[in-house]
Structures are given as structure tokens and as C-alpha cells.
>>> print(open('final11.txt').read())   # compact mmCIF, C-alpha atoms
# COMPACT_ATOMS: atom_id res chain seq x y z
CA MET O 997 -0.06 184.28 176.33
CA ALA O 998 -2.98 182.24 175.03
CA ALA O 999 -4.07 178.60 175.12
CA ILE O 1000 -5.76 176.73 172.29
CA SER O 1001 -7.59 173.41 172.32
CA TYR O 1002 -10.14 171.35 170.37
CA ASP O 1003 -12.82 172.19 172.96
CA SER O 1004 -15.82 174.38 172.23
CA VAL O 1005 -16.21 177.91 173.54
CA GLU O 1006 -18.74 176.63 176.09
CA ILE O 1007 -16.38 173.95 177.45
CA LEU O 1008 -13.50 176.40 177.69
CA LYS O 1009 -15.63 178.95 179.49
CA SER O 1010 -16.80 176.31 181.97
CA PHE O 1011 -13.22 175.23 182.64
CA ALA O 1012 -11.84 178.79 182.85
CA ASP O 1013 -14.57 179.84 185.30
CA ARG O 1014 -13.98 176.80 187.52
CA ARG O 1015 -10.17 177.15 187.57
CA LYS O 1016 -10.21 180.98 187.58
CA ILE O 1017 -8.12 181.24 184.40
CA GLU O 1018 -7.76 184.82 183.18
CA PHE O 1019 -5.60 184.51 180.02
CA PRO O 1020 -7.29 183.91 176.64
CA MET O 1021 -8.40 180.36 175.83
CA LEU O 1022 -9.07 179.83 172.13
CA ALA O 1023 -11.50 177.27 170.72
CA ASP O 1024 -10.41 175.19 167.72
CA PRO O 1025 -13.30 172.67 167.54
CA ASP O 1026 -12.40 171.45 164.05
CA SER O 1027 -8.68 171.22 164.97
CA GLN O 1028 -7.69 173.32 161.96
CA THR O 1029 -5.05 175.32 163.81
CA ILE O 1030 -3.90 172.21 165.70
CA ARG O 1031 -3.28 170.47 162.36
CA ALA O 1032 -1.60 173.56 160.90
CA TYR O 1033 0.94 173.48 163.74
CA ASP O 1034 1.37 169.72 163.24
CA VAL O 1035 0.55 168.79 166.85
CA LEU O 1036 -2.60 166.70 166.32
CA ASN O 1037 -2.68 163.63 168.56
CA THR O 1038 -3.43 161.00 165.90
CA GLU O 1039 -3.65 158.28 168.58
CA ALA O 1040 -6.66 159.87 170.27
CA GLY O 1041 -10.14 158.55 169.46
CA GLY O 1042 -13.71 158.84 170.67
CA GLN O 1043 -14.36 161.97 172.71
CA TYR O 1044 -10.63 162.83 172.51
CA LYS O 1045 -10.41 162.77 168.70
CA GLY O 1046 -9.03 166.10 167.48
CA MET O 1047 -7.05 166.95 170.60
CA ALA O 1048 -3.52 168.34 170.41
CA ARG O 1049 -0.38 167.00 172.00
CA PRO O 1050 0.31 169.28 174.98
CA GLY O 1051 3.11 171.79 174.61
CA TYR O 1052 4.14 175.36 173.96
CA PHE O 1053 5.16 177.52 171.01
CA PHE O 1054 7.09 180.75 171.51
CA ILE O 1055 6.11 183.08 168.66
CA ASP O 1056 7.66 186.50 167.99
CA THR O 1057 5.77 189.67 167.05
CA LYS O 1058 6.06 188.79 163.34
CA GLY O 1059 4.37 185.43 163.84
CA VAL O 1060 7.57 183.40 163.48
CA ILE O 1061 7.98 180.34 165.75
CA ARG O 1062 11.22 180.82 167.67
CA GLU O 1063 11.02 177.89 170.09
CA LYS O 1064 8.75 174.94 170.81
CA PHE O 1065 8.50 172.75 173.90
CA PHE O 1066 6.90 169.34 173.49
CA GLU O 1067 7.53 165.91 174.99
CA THR O 1068 7.53 162.71 172.94
CA LYS O 1069 4.90 161.19 175.25
CA TYR O 1070 1.63 163.11 175.31
CA ARG O 1071 1.05 162.33 179.01
CA GLN O 1072 4.19 164.33 179.90
CA ARG O 1073 4.29 168.10 179.64
CA PHE O 1074 6.27 171.18 180.53
CA SER O 1075 4.85 173.68 183.02
CA GLY O 1076 4.38 177.30 182.05
CA ASN O 1077 7.00 178.39 184.58
CA ASN O 1078 9.39 175.77 183.24
CA VAL O 1079 9.09 177.19 179.72
CA ILE O 1080 9.46 180.80 180.88
CA GLY O 1081 12.58 179.75 182.78
CA LYS O 1082 14.14 178.30 179.64
CA LEU O 1083 13.35 181.42 177.59
CA PHE O 1084 13.96 184.04 180.29
CA PRO O 1085 15.86 182.49 183.24
CA GLU O 1086 15.89 185.72 185.23
CA LEU O 1087 12.06 185.81 185.42
CA SER O 1088 10.97 182.41 186.64
CA ASP O 1089 12.74 180.49 189.37
CA GLU O 1090 11.63 180.79 192.97
CA VAL O 1091 14.41 180.96 195.55
CA THR O 1092 13.75 178.15 198.00
CA ASP O 1093 16.93 178.02 200.07
CA ASN O 1094 20.32 179.59 200.67
CA VAL O 1095 22.78 176.78 201.37
CA GLN O 1096 25.95 177.16 203.40
CA ALA O 1097 28.87 175.93 201.28
CA PRO O 1098 32.66 176.32 201.58
CA HIS O 1099 34.29 178.82 199.20
CA LEU O 1100 31.05 179.79 197.39
CA ASN O 1101 27.49 181.04 197.80
CA LEU O 1102 24.80 178.54 196.79
CA ILE O 1103 21.14 179.35 196.12
CA VAL O 1104 18.64 176.57 195.43
CA GLU O 1105 15.71 177.42 193.13
CA GLN O 1106 12.85 175.66 191.35
CA SER O 1107 10.50 176.69 188.56
CA ASP O 1108 7.39 175.34 190.34
CA ARG O 1109 6.45 174.38 193.87
CA THR O 1110 3.46 172.31 192.69
CA THR O 1111 3.05 169.98 189.73
CA PHE O 1112 0.88 167.11 188.44
CA PRO O 1113 1.45 163.57 187.14
CA GLY O 1114 3.30 163.94 183.83
CA GLY O 1115 4.57 167.39 184.78
CA ARG O 1116 8.08 168.65 184.15
CA ILE O 1117 9.77 171.29 186.30
CA THR O 1118 13.28 172.72 186.52
CA LEU O 1119 15.52 172.50 189.58
CA THR O 1120 18.39 175.00 189.78
CA ALA O 1121 21.59 175.43 191.75
CA GLU O 1122 22.89 178.99 191.38
CA VAL O 1123 26.56 179.35 192.31
CA GLN O 1124 28.36 182.61 193.12
CA LEU O 1125 32.15 182.34 193.43
CA PRO O 1126 34.35 185.00 195.07
CA PRO O 1127 36.82 186.92 192.89
CA ASP O 1128 39.91 184.89 191.94
CA VAL O 1129 38.17 181.58 192.74
CA HIS O 1130 37.19 178.98 190.15
CA VAL O 1131 35.76 175.47 189.96
CA TYR O 1132 36.47 172.96 187.22
CA SER O 1133 33.78 172.24 184.63
CA PRO O 1134 32.62 168.78 183.51
CA GLY O 1135 35.03 167.24 181.01
CA VAL O 1136 38.18 168.44 182.75
CA GLN O 1137 41.02 165.92 182.87
CA GLY O 1138 42.94 165.23 186.07
CA TYR O 1139 40.83 167.47 188.34
CA LYS O 1140 37.57 167.15 190.29
CA SER O 1141 34.83 168.81 188.25
CA ILE O 1142 31.67 170.38 189.65
CA ALA O 1143 28.63 168.09 189.43
CA LEU O 1144 24.98 168.23 190.43
CA VAL O 1145 24.08 164.71 191.55
CA MET O 1146 20.47 163.72 192.30
CA GLU O 1147 19.32 160.88 194.55
CA PRO O 1148 16.73 158.48 193.07
CA THR O 1149 13.16 159.38 194.06
CA ALA O 1150 10.18 157.08 193.50
CA GLY O 1151 7.92 158.43 190.75
CA MET O 1152 10.51 160.95 189.53
CA GLU O 1153 12.85 160.87 186.53
CA PHE O 1154 15.74 163.30 186.05
CA THR O 1155 17.09 164.58 182.77
CA PRO O 1156 20.88 165.14 182.49
CA ALA O 1157 22.06 168.29 184.27
CA SER O 1158 22.71 171.34 182.08
CA TYR O 1159 25.87 173.38 182.66
CA PRO O 1160 26.86 176.77 181.19
CA LYS O 1161 29.68 177.19 178.70
CA ALA O 1162 33.05 176.92 180.43
CA LYS O 1163 35.89 179.42 180.31
CA ILE O 1164 39.38 178.21 179.42
CA LEU O 1165 41.83 179.22 182.15
CA TYR O 1166 45.61 179.12 181.70
CA LEU O 1167 47.55 177.96 184.76
CA PRO O 1168 51.10 179.33 184.31
CA ALA O 1169 52.56 177.39 187.25
CA ILE O 1170 51.93 174.07 185.51
CA LYS O 1171 51.54 175.42 181.96
CA GLU O 1172 48.07 173.91 181.49
CA LYS O 1173 44.79 175.15 180.03
CA VAL O 1174 41.69 173.90 181.87
CA PRO O 1175 37.92 174.50 181.52
CA VAL O 1176 36.50 176.31 184.55
CA PHE O 1177 33.55 178.30 185.86
CA GLU O 1178 34.02 181.69 187.51
CA GLY O 1179 31.72 184.34 189.00
CA LYS O 1180 27.99 183.54 188.97
CA PHE O 1181 26.52 180.63 187.02
CA ARG O 1182 23.56 178.24 187.09
CA ILE O 1183 23.27 174.47 186.88
CA THR O 1184 19.80 173.23 185.95
CA GLN O 1185 18.17 169.83 185.91
CA ASP O 1186 14.64 168.96 184.84
CA LEU O 1187 12.47 166.60 186.85
CA LYS O 1188 9.73 164.56 185.16
CA VAL O 1189 6.87 163.31 187.32
CA SER O 1190 5.50 159.86 186.55
CA SER O 1191 2.18 159.67 184.71
CA VAL O 1192 1.49 155.95 185.26
CA ALA O 1193 -1.85 155.04 186.79
CA ASP O 1194 -0.42 153.50 189.97
CA PHE O 1195 1.50 156.66 190.83
CA SER O 1196 -1.42 158.96 190.05
CA GLY O 1197 -3.74 156.80 192.16
CA SER O 1198 -1.38 156.98 195.13
CA LEU O 1199 -1.71 160.75 195.46
CA GLY O 1200 -5.14 160.76 197.07
CA THR O 1201 -7.39 163.81 196.90
CA ASP O 1202 -4.93 166.34 198.32
CA GLY O 1203 -1.72 165.18 196.61
CA LYS O 1204 1.64 164.36 198.17
CA SER O 1205 4.76 166.28 199.06
CA PHE O 1206 8.08 164.91 197.83
CA ALA O 1207 11.54 165.82 199.11
CA ILE O 1208 13.96 165.90 196.17
CA ALA O 1209 17.50 165.38 197.47
CA GLY O 1210 20.84 165.83 195.79
CA LYS O 1211 24.32 167.16 196.31
CA LEU O 1212 26.71 169.60 194.69
CA GLU O 1213 30.21 168.18 194.32
CA TYR O 1214 33.12 170.49 193.47
CA GLN O 1215 36.70 171.52 194.17
CA ALA O 1216 37.33 175.24 194.54
CA CYS O 1217 40.71 176.75 193.68
CA ASP O 1218 42.25 180.20 193.74
CA SER O 1219 45.50 181.45 192.24
CA LYS O 1220 47.57 179.87 195.02
CA ILE O 1221 45.80 176.79 196.34
CA CYS O 1222 43.26 174.10 195.44
CA TYR O 1223 41.05 173.25 198.41
CA LEU O 1224 39.88 169.74 199.27
CA PRO O 1225 36.98 168.36 197.20
CA THR O 1226 33.62 169.16 198.80
CA SER O 1227 30.11 167.69 198.67
CA VAL O 1228 27.20 169.87 199.83
CA PRO O 1229 23.72 168.32 200.33
CA ILE O 1230 20.79 170.24 198.81
CA ARG O 1231 17.03 169.67 198.78
CA TRP O 1232 13.91 170.80 196.98
CA GLN O 1233 10.29 170.26 198.04
CA VAL O 1234 7.65 169.51 195.39
CA GLN O 1235 3.91 169.05 195.92
CA VAL O 1236 2.35 166.69 193.36
CA LEU O 1237 -1.39 167.26 193.02
CA PRO O 1238 -3.88 164.80 191.50
CA LEU O 1239 -5.09 165.41 187.96
CA ASP O 1240 -8.28 167.41 187.52
CA ARG O 1241 -10.62 164.85 185.97
CA GLN O 1242 -13.86 166.78 186.40
CA ARG O 1243 -15.65 167.02 183.08
CA ALA O 1244 -17.75 169.87 181.71
CA PRO O 1245 -21.55 169.79 182.22
CA GLU O 1246 -23.10 166.92 180.29
CA ASP O 1247 -25.03 169.08 177.84
CA ILE O 1248 -21.83 170.68 176.42
CA ARG O 1249 -19.45 167.71 176.55
CA HIS O 1250 -17.69 166.13 173.58
CA LYS O 1251 -19.84 163.33 172.21
>>> encode(input="final11.txt", output="C-alpha cells")
Amino acid sequence: MAAISYDSVEILKSFADRRKIEFPMLADPDSQTIRAYDVLNTEAGGQYKGMARPGYFFIDTKGVIREKFFETKYRQRFSGNNVIGKLFPELSDEVTDNVQAPHLNLIVEQSDRTTFPGGRITLTAEVQLPPDVHVYSPGVQGYKSIALVMEPTAGMEFTPASYPKAKILYLPAIKEKVPVFEGKFRITQDLKVSSVADFSGSLGTDGKSFAIAGKLEYQACDSKICYLPTSVPIRWQVQVLPLDRQRAPEDIRHK
């Protein structure tokens, strides 16, 4: 892992020492590499001229870009843990709670416990169904599908929930084929933190903690019976910290 920016070596060293950053930080003061990757922020002027739009490239050992993670608005950005979770889901999420739920085991996870204005993190509901039990996937007709439903939270925006690929199950008793989930699977939903000035200014010096509430709706069935539809409340806790606006020493700053 390495970071690259339009800052000088001196500015990067000052920042890395202050924030105790140990991975390589690469200086691109003429923005040559930033332009080569086509991520130059052409809207930036003055001391910010030459800066890149924030994001991530995943590059293989042959130098080929396999994935990239960028937002359309430069004030919004993925977290490192968020990106790792999308590339390697088994490595990233922190288990935050085991939730009691009828007919299934439910584990609540999140990619990050802390974030910043403009940050993007992933919230996860991991479901483990017993053998011979299934739930219906979104898009099913005539049955109650599983759904991760989030409550509105001031300063937070939710992307649509992401579900795994469903399995088609044949029900011989009624001669129907239906899309279902079985075994263990994960439902994920990204949360975007507001980057507007009023929200950032409300955080104070120590930041604020936000309770993110939602519910998992589903109807579990086995080979003999479909149980009543169920709604299980779930929560995540996210600490939003203020942006680090401290600049480098005056003698090495961008002019």
C-alpha cells in the first residue's frame, strides 16, 4: 500500500510524523502521475492546484489496474477499510454485535468505527441459516423477501443495499421456482457522511457519536412450513471526527 499526492517530500514527512503514518507516501509535486492516472482535480486552484481527486486504485503485480474506487464529488471518499472490504470481504469488517433473531443467526459488522465528514463506510448484516431453512431474496413474487431497511439519520446518506446472488429453489408441493438465500450470506450497505460546512462545524473538537438504526425484515421457511414474517432491529455506532485542518509549517507550505 502506498499513498501519492501533489505535496512535496517535506510536507508529506511533516504530515506522516504528526499522524504516525508508517506506509509509504509518495510525492508528485508536478502532478505527473496524478495526470497519468486521470484523477487531477481540474476545479482546484491557488494552493490546491495540482491536487488529485481522492480515491484508490487496486493494481496487480503486473501493474494492471484491476479496480478503482472514486466518488463523483471530491469531498466524499472511501475509507481504506471500506475498500479492503469490497476487495477481500473476509479481511475487513469488525464484528460489533450478535443479534438474537428467530430462525437464523445474525451478526452485525462495520468496516470502520470512526470516520470523517465526506467519509464512506460499509455496514454489514451477516446471516447464517440452519440447514433446510431458506429466506426469499429481493424480487420474489408473492412472498416476503428479506430486506435491510435503514432509518433516516441526520447527516448520513445510504446507498442501496447490496445482496448476494440468489439460488433458484424448486418447491414441488406448489410446483414453483423461487429465488432464495440459504446457508451463510452477507447484506451490505454503504453509509456516506455529509461533507457540508454546517455538519462539519457541528462536530466540535472531539467529534460526535451517531447511532445508525435499521431492521432486518424476512420470512424464514423450511421444507414443511413458512414461519410468520419477522422484523429484527439492528444498530451500528459510528464516531464522526472533525477534519484535520492543521497545515504544514509555513516555510514548506504550498504557495
>>> residues_around(input="final11.txt", residues="Lys1204 (chain O)", least_positions_apart="6", cutoff="10 Å", atoms="only C-alpha atoms", output="count of residues only")
7
>>> residues_around(input="final11.txt", residues="Phe1074 (chain O)", least_positions_apart="4", cutoff="12 Å", atoms="only C-alpha atoms", output="PyMOL selection string")
chain O and resi 1049-1053+1064-1070+1078-1082+1107-1108+1111-1118+1186-1189
>>> residues_around(input="final11.txt", residues="Asn1037 (chain O)", least_positions_apart="4", cutoff="10 Å", atoms="all atoms listed in the file", output="VMD selection string")
chain O and resid 1030 to 1031 1041 1044 to 1050 1070
>>> residues_around(input="final11.txt", residues="region 1018-1023 of chain O", least_positions_apart="4", cutoff="9 Å", atoms="all atoms listed in the file", output="PyMOL selection string")
chain O and resi 997-1005+1007-1009+1012-1013+1027
>>> closest_residue(input="final11.txt", among="O:Asp1128, O:Asp1026, O:Asp1093, O:Asp1202", to="Cys1222 (chain O)", atoms="only C-alpha atoms")
O:Asp1128
>>> residues_around(input="final11.txt", residues="Met1146 (chain O)", least_positions_apart="3", cutoff="7 Å", atoms="all atoms listed in the file", output="MDAnalysis selection string")
chainID O and resid 1209:1211
>>> closest_residue(input="final11.txt", among="O:Lys1171, O:Phe1084, O:Pro1245, O:Leu1144", to="Ser1158 (chain O)", atoms="all atoms listed in the file")
O:Leu1144
>>> closest_residue(input="final11.txt", among="O:Asp1056, O:Glu1213, O:Asp1194, O:Glu1006", to="Ala1097 (chain O)", atoms="only C-alpha atoms")
O:Glu1213
>>> atom_distance(input="final11.txt", atom1="CA of Val1129 (chain O)", atom2="CA of Phe1181 (chain O)")
13.0 Å
>>> atom_distance(input="final11.txt", atom1="CA of Tyr1214 (chain O)", atom2="CA of Ile1170 (chain O)")
20.7 Å
>>> atom_distance(input="final11.txt", atom1="CA of Glu1105 (chain O)", atom2="CA of Ser1205 (chain O)")
16.7 Å
>>> closest_residue(input="final11.txt", among="O:Arg1231, O:Gly1076, O:Gln1124, O:Thr1149", to="Pro1098 (chain O)", atoms="all atoms listed in the file")
O:Gln1124
>>> closest_residue(input="final11.txt", among="O:Ile1183, O:Cys1217, O:Leu1165, O:Val1095", to="Pro1229 (chain O)", atoms="all atoms listed in the file")
O:Val1095
>>> closest_residue(input="final11.txt", among="O:Val1131, O:Val1136, O:Ile1221, O:Val1104", to="Ile1208 (chain O)", atoms="only C-alpha atoms")
O:Val1104
